[in-house]
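Q: Data file run.cif (mmCIF, C-alpha atoms and all ligand atoms) is appended below.
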```cif
data_query
loop_
_atom_site.group_PDB
_atom_site.id
_atom_site.type_symbol
_atom_site.label_atom_id
_atom_site.label_comp_id
_atom_site.auth_asym_id
_atom_site.auth_seq_id
_atom_site.Cartn_x
_atom_site.Cartn_y
_atom_site.Cartn_z
ATOM 1 C CA MET A 6 -24.472 39.865 53.491
ATOM 2 C CA ALA A 7 -25.292 37.535 50.644
ATOM 3 C CA ASP A 8 -23.583 34.183 50.381
ATOM 4 C CA VAL A 9 -21.104 33.590 47.587
ATOM 5 C CA THR A 10 -19.673 30.410 46.075
ATOM 6 C CA ILE A 11 -16.000 29.553 45.661
ATOM 7 C CA THR A 12 -15.273 26.719 43.215
ATOM 8 C CA ASN A 13 -12.043 24.792 42.704
ATOM 9 C CA THR A 14 -12.349 24.023 38.997
ATOM 10 C CA SER A 15 -9.565 21.417 39.127
ATOM 11 C CA THR A 16 -11.435 19.206 41.612
ATOM 12 C CA GLY A 17 -15.024 20.453 41.455
ATOM 13 C CA ALA A 18 -14.982 21.229 45.193
ATOM 14 C CA LYS A 19 -17.292 24.086 46.158
ATOM 15 C CA ALA A 20 -17.642 26.218 49.277
ATOM 16 C CA THR A 21 -20.285 28.719 50.279
ATOM 17 C CA CYS A 22 -19.535 31.669 52.536
ATOM 18 C CA PRO A 23 -20.738 35.183 53.345
ATOM 19 C CA ALA A 24 -19.425 37.911 51.044
ATOM 20 C CA GLY A 25 -16.344 39.485 52.575
ATOM 21 C CA SER A 26 -14.914 36.195 53.848
ATOM 22 C CA ASN A 27 -11.208 35.407 53.793
ATOM 23 C CA PHE A 28 -10.390 32.818 51.127
ATOM 24 C CA ARG A 29 -8.002 30.874 53.372
ATOM 25 C CA GLU A 30 -10.452 30.530 56.216
ATOM 26 C CA VAL A 31 -13.154 29.257 53.873
ATOM 27 C CA ALA A 32 -10.794 26.962 51.958
ATOM 28 C CA GLN A 33 -9.527 25.349 55.142
ATOM 29 C CA ALA A 34 -12.935 25.031 56.802
ATOM 30 C CA GLN A 35 -14.649 23.608 53.732
ATOM 31 C CA ASP A 36 -11.770 21.600 52.213
ATOM 32 C CA LEU A 37 -11.195 23.336 48.885
ATOM 33 C CA ASP A 38 -7.929 21.437 48.327
ATOM 34 C CA VAL A 39 -5.559 24.395 48.614
ATOM 35 C CA ALA A 40 -2.170 24.168 50.355
ATOM 36 C CA PHE A 41 -1.212 26.927 52.786
ATOM 37 C CA GLY A 42 2.077 27.654 54.500
ATOM 38 C CA CYS A 43 2.792 30.904 56.339
ATOM 39 C CA GLU A 44 -0.797 32.170 56.033
ATOM 40 C CA SER A 45 0.537 35.724 56.012
ATOM 41 C CA GLY A 46 1.384 36.468 52.383
ATOM 42 C CA ILE A 47 5.088 35.623 52.462
ATOM 43 C CA CYS A 48 5.752 32.058 51.242
ATOM 44 C CA SER A 49 3.450 31.918 48.164
ATOM 45 C CA THR A 50 2.473 28.302 48.871
ATOM 46 C CA CYS A 51 -1.148 29.341 48.409
ATOM 47 C CA LEU A 52 -0.829 30.639 44.835
ATOM 48 C CA ILE A 53 -4.099 30.330 42.947
ATOM 49 C CA GLN A 54 -5.216 31.119 39.413
ATOM 50 C CA ILE A 55 -8.543 32.910 39.244
ATOM 51 C CA LYS A 56 -10.605 31.486 36.369
ATOM 52 C CA SER A 57 -13.644 33.726 36.822
ATOM 53 C CA GLY A 58 -14.780 36.410 39.212
ATOM 54 C CA GLN A 59 -11.558 38.426 39.340
ATOM 55 C CA ALA A 60 -13.594 41.556 40.095
ATOM 56 C CA ASN A 61 -15.154 39.800 43.087
ATOM 57 C CA ILE A 62 -11.860 39.721 44.995
ATOM 58 C CA ALA A 63 -10.616 42.699 46.998
ATOM 59 C CA PRO A 64 -7.534 44.469 45.564
ATOM 60 C CA LYS A 65 -4.119 43.044 46.390
ATOM 61 C CA THR A 66 -2.622 44.040 49.701
ATOM 62 C CA GLU A 67 0.834 45.590 49.767
ATOM 63 C CA GLN A 68 2.219 42.306 51.124
ATOM 64 C CA GLU A 69 0.540 40.317 48.361
ATOM 65 C CA GLU A 70 1.920 42.646 45.676
ATOM 66 C CA PHE A 71 5.425 42.331 47.145
ATOM 67 C CA THR A 72 5.344 38.525 47.228
ATOM 68 C CA LEU A 73 3.805 38.161 43.764
ATOM 69 C CA ASP A 74 6.412 40.538 42.358
ATOM 70 C CA ALA A 75 9.148 38.372 43.863
ATOM 71 C CA ARG A 76 7.609 35.382 42.038
ATOM 72 C CA GLY A 77 7.691 37.292 38.743
ATOM 73 C CA VAL A 78 3.963 37.965 38.546
ATOM 74 C CA ALA A 79 3.225 41.174 36.631
ATOM 75 C CA PRO A 80 1.504 43.901 38.687
ATOM 76 C CA ASP A 81 -1.454 43.971 36.290
ATOM 77 C CA ASP A 82 -1.974 40.188 36.424
ATOM 78 C CA MET A 83 -5.318 39.919 38.200
ATOM 79 C CA ASN A 84 -5.554 36.139 37.705
ATOM 80 C CA THR A 85 -2.678 35.122 39.957
ATOM 81 C CA ARG A 86 -3.390 35.696 43.645
ATOM 82 C CA LEU A 87 -2.316 34.538 47.083
ATOM 83 C CA GLY A 88 -5.234 32.662 48.578
ATOM 84 C CA CYS A 89 -4.348 33.599 52.134
ATOM 85 C CA GLN A 90 -4.619 37.300 51.274
ATOM 86 C CA CYS A 91 -7.880 37.321 49.310
ATOM 87 C CA GLN A 92 -11.164 38.722 50.550
ATOM 88 C CA ILE A 93 -13.990 37.204 48.517
ATOM 89 C CA ASN A 94 -16.898 39.517 47.722
ATOM 90 C CA GLY A 95 -18.675 37.472 45.043
ATOM 91 C CA ASP A 96 -18.595 34.152 43.209
ATOM 92 C CA VAL A 97 -15.106 32.998 42.231
ATOM 93 C CA GLU A 98 -13.690 30.036 40.324
ATOM 94 C CA PHE A 99 -10.029 29.143 40.756
ATOM 95 C CA GLU A 100 -7.341 26.487 40.330
ATOM 96 C CA PRO A 101 -4.522 25.975 42.816
ATOM 97 C CA GLY A 102 -0.966 26.651 41.648
ATOM 98 C CA MET A 103 0.779 29.042 39.295
HETATM 99 S S1 LIG A 201 0.245 30.715 52.787
HETATM 100 FE FE1 LIG A 201 2.130 31.758 52.596
HETATM 101 S S2 LIG A 201 1.674 33.319 51.171
HETATM 102 FE FE2 LIG A 201 -0.259 32.386 51.512
#
```
Could you quickly redo this structure as structure tokens?

A:
Amino acid sequence: MADVTITNTSTGAKATCPAGSNFREVAQAQDLDVAFGCESGICSTCLIQIKSGQANIAPKTEQEEFTLDARGVAPDDMNTRLGCQCQINGDVEFEPGM
């Protein structure tokens, strides 16, 4: 699979990984400056705002939808995601937080 680039636009940190990688695993291995807690889609510590490449992230899991709903995120909001739940299939730019 082709490599893709994940960019933290708030710090300029970049990571390269194979398409299909888990955002959390890449962010932790390559220091993208994202905080994680439960790592299973429950605590929402890993909230990120997608600045570009929304279509390059796999659809929300049921767990992600549940947790985002509890935080008041609209179901059709494709910019707010849980980093620990995202599969990255193409280039993405993001900022940590809500
Ligand atoms: S680290 Fe808890 S929801 Fe992602």

Q: Determine the nearest neighbour of Val31 of chain A from the options A:Met103, A:Ile11, A:Val97, A:Cys48, counting all atoms listed in the file.

A: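 Nearest to Val31 of chain A: A:Ile11.
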
Q: If the PyMOL selection byres (((not hetatm)) within 8 of (chain A and resi 201)) were run on this exact file, what residues would it hold? Put them as a tab-separated table (two decimals) with C-alpha atoms, keeping the file's coordinate frame.

A:
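Wrote it out as part04.tsv, contents follow:
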```tsv
chain	number	residue	atom	x	y	z
A	40	ALA	CA	-2.17	24.17	50.36
A	41	PHE	CA	-1.21	26.93	52.79
A	42	GLY	CA	2.08	27.65	54.50
A	43	CYS	CA	2.79	30.90	56.34
A	44	GLU	CA	-0.80	32.17	56.03
A	45	SER	CA	0.54	35.72	56.01
A	46	GLY	CA	1.38	36.47	52.38
A	47	ILE	CA	5.09	35.62	52.46
A	48	CYS	CA	5.75	32.06	51.24
A	49	SER	CA	3.45	31.92	48.16
A	50	THR	CA	2.47	28.30	48.87
A	51	CYS	CA	-1.15	29.34	48.41
A	52	LEU	CA	-0.83	30.64	44.84
A	69	GLU	CA	0.54	40.32	48.36
A	72	THR	CA	5.34	38.52	47.23
A	87	LEU	CA	-2.32	34.54	47.08
A	88	GLY	CA	-5.23	32.66	48.58
A	89	CYS	CA	-4.35	33.60	52.13
A	90	GLN	CA	-4.62	37.30	51.27
```

Q: Between A:Ile53, A:Ile62, A:Val9, A:Ile93, single out the one closest to Val78 of chain A, counting all atoms listed in the file.

A: A:Ile53

Q: Give the answer as one residue: which of A:Asp38, A:Glu100, A:Asp82, A:Asp8 has the shortest atom-to-atom distance to Pro64 of chain A, using all atoms listed in the file?

A: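 Result for the nearest residue to Pro64 of chain A: A:Asp82.
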
Q: Atom CA of Cys22 of chain A to atom CA of Pro101 of chain A: how many Å, to one decimal?

A: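 Between atom CA of Cys22 of chain A and atom CA of Pro101 of chain A the gap is 18.8 Å.
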
Q: Would you mind writing segment 17-36 of chain A with N, CA and C atoms, as an mmCIF file, keeping the file's coordinate frame?

A:
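What landed in out_13.cif:
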```
data_model
loop_
_atom_site.group_PDB
_atom_site.id
_atom_site.type_symbol
_atom_site.label_atom_id
_atom_site.label_comp_id
_atom_site.auth_asym_id
_atom_site.auth_seq_id
_atom_site.Cartn_x
_atom_site.Cartn_y
_atom_site.Cartn_z
ATOM 1 N N GLY A 17 -13.566 20.344 41.362
ATOM 2 C CA GLY A 17 -15.024 20.453 41.455
ATOM 3 C C GLY A 17 -15.507 20.776 42.859
ATOM 4 N N ALA A 18 -14.584 20.904 43.815
ATOM 5 C CA ALA A 18 -14.982 21.229 45.193
ATOM 6 C C ALA A 18 -15.567 22.636 45.253
ATOM 7 N N LYS A 19 -16.635 22.784 46.016
ATOM 8 C CA LYS A 19 -17.292 24.086 46.158
ATOM 9 C C LYS A 19 -17.440 24.429 47.635
ATOM 10 N N ALA A 20 -17.413 25.725 47.924
ATOM 11 C CA ALA A 20 -17.642 26.218 49.277
ATOM 12 C C ALA A 20 -18.559 27.426 49.201
ATOM 13 N N THR A 21 -19.397 27.565 50.194
ATOM 14 C CA THR A 21 -20.285 28.719 50.279
ATOM 15 C C THR A 21 -19.931 29.493 51.536
ATOM 16 N N CYS A 22 -19.917 30.839 51.404
ATOM 17 C CA CYS A 22 -19.535 31.669 52.536
ATOM 18 C C CYS A 22 -20.177 33.043 52.387
ATOM 19 N N PRO A 23 -20.240 33.806 53.463
ATOM 20 C CA PRO A 23 -20.738 35.183 53.345
ATOM 21 C C PRO A 23 -19.760 36.036 52.536
ATOM 22 N N ALA A 24 -20.289 36.967 51.740
ATOM 23 C CA ALA A 24 -19.425 37.911 51.044
ATOM 24 C C ALA A 24 -18.544 38.624 52.057
ATOM 25 N N GLY A 25 -17.291 38.845 51.680
ATOM 26 C CA GLY A 25 -16.344 39.485 52.575
ATOM 27 C C GLY A 25 -15.482 38.509 53.349
ATOM 28 N N SER A 26 -15.696 37.211 53.128
ATOM 29 C CA SER A 26 -14.914 36.195 53.848
ATOM 30 C C SER A 26 -13.488 36.137 53.326
ATOM 31 N N ASN A 27 -12.599 35.642 54.171
ATOM 32 C CA ASN A 27 -11.208 35.407 53.793
ATOM 33 C C ASN A 27 -11.119 34.057 53.086
ATOM 34 N N PHE A 28 -10.493 34.042 51.928
ATOM 35 C CA PHE A 28 -10.390 32.818 51.127
ATOM 36 C C PHE A 28 -9.775 31.676 51.928
ATOM 37 N N ARG A 29 -8.689 31.937 52.625
ATOM 38 C CA ARG A 29 -8.002 30.874 53.372
ATOM 39 C C ARG A 29 -8.906 30.244 54.417
ATOM 40 N N GLU A 30 -9.586 31.064 55.162
ATOM 41 C CA GLU A 30 -10.452 30.530 56.216
ATOM 42 C C GLU A 30 -11.539 29.631 55.633
ATOM 43 N N VAL A 31 -12.105 30.060 54.513
ATOM 44 C CA VAL A 31 -13.154 29.257 53.873
ATOM 45 C C VAL A 31 -12.558 27.982 53.295
ATOM 46 N N ALA A 32 -11.421 28.114 52.606
ATOM 47 C CA ALA A 32 -10.794 26.962 51.958
ATOM 48 C C ALA A 32 -10.416 25.892 52.974
ATOM 49 N N GLN A 33 -9.918 26.313 54.119
ATOM 50 C CA GLN A 33 -9.527 25.349 55.142
ATOM 51 C C GLN A 33 -10.748 24.739 55.832
ATOM 52 N N ALA A 34 -11.754 25.533 56.087
ATOM 53 C CA ALA A 34 -12.935 25.031 56.802
ATOM 54 C C ALA A 34 -13.777 24.114 55.935
ATOM 55 N N GLN A 35 -13.763 24.367 54.614
ATOM 56 C CA GLN A 35 -14.649 23.608 53.732
ATOM 57 C C GLN A 35 -13.868 22.762 52.719
ATOM 58 N N ASP A 36 -12.594 22.535 52.976
ATOM 59 C CA ASP A 36 -11.770 21.600 52.213
ATOM 60 C C ASP A 36 -11.799 21.848 50.708
#
```
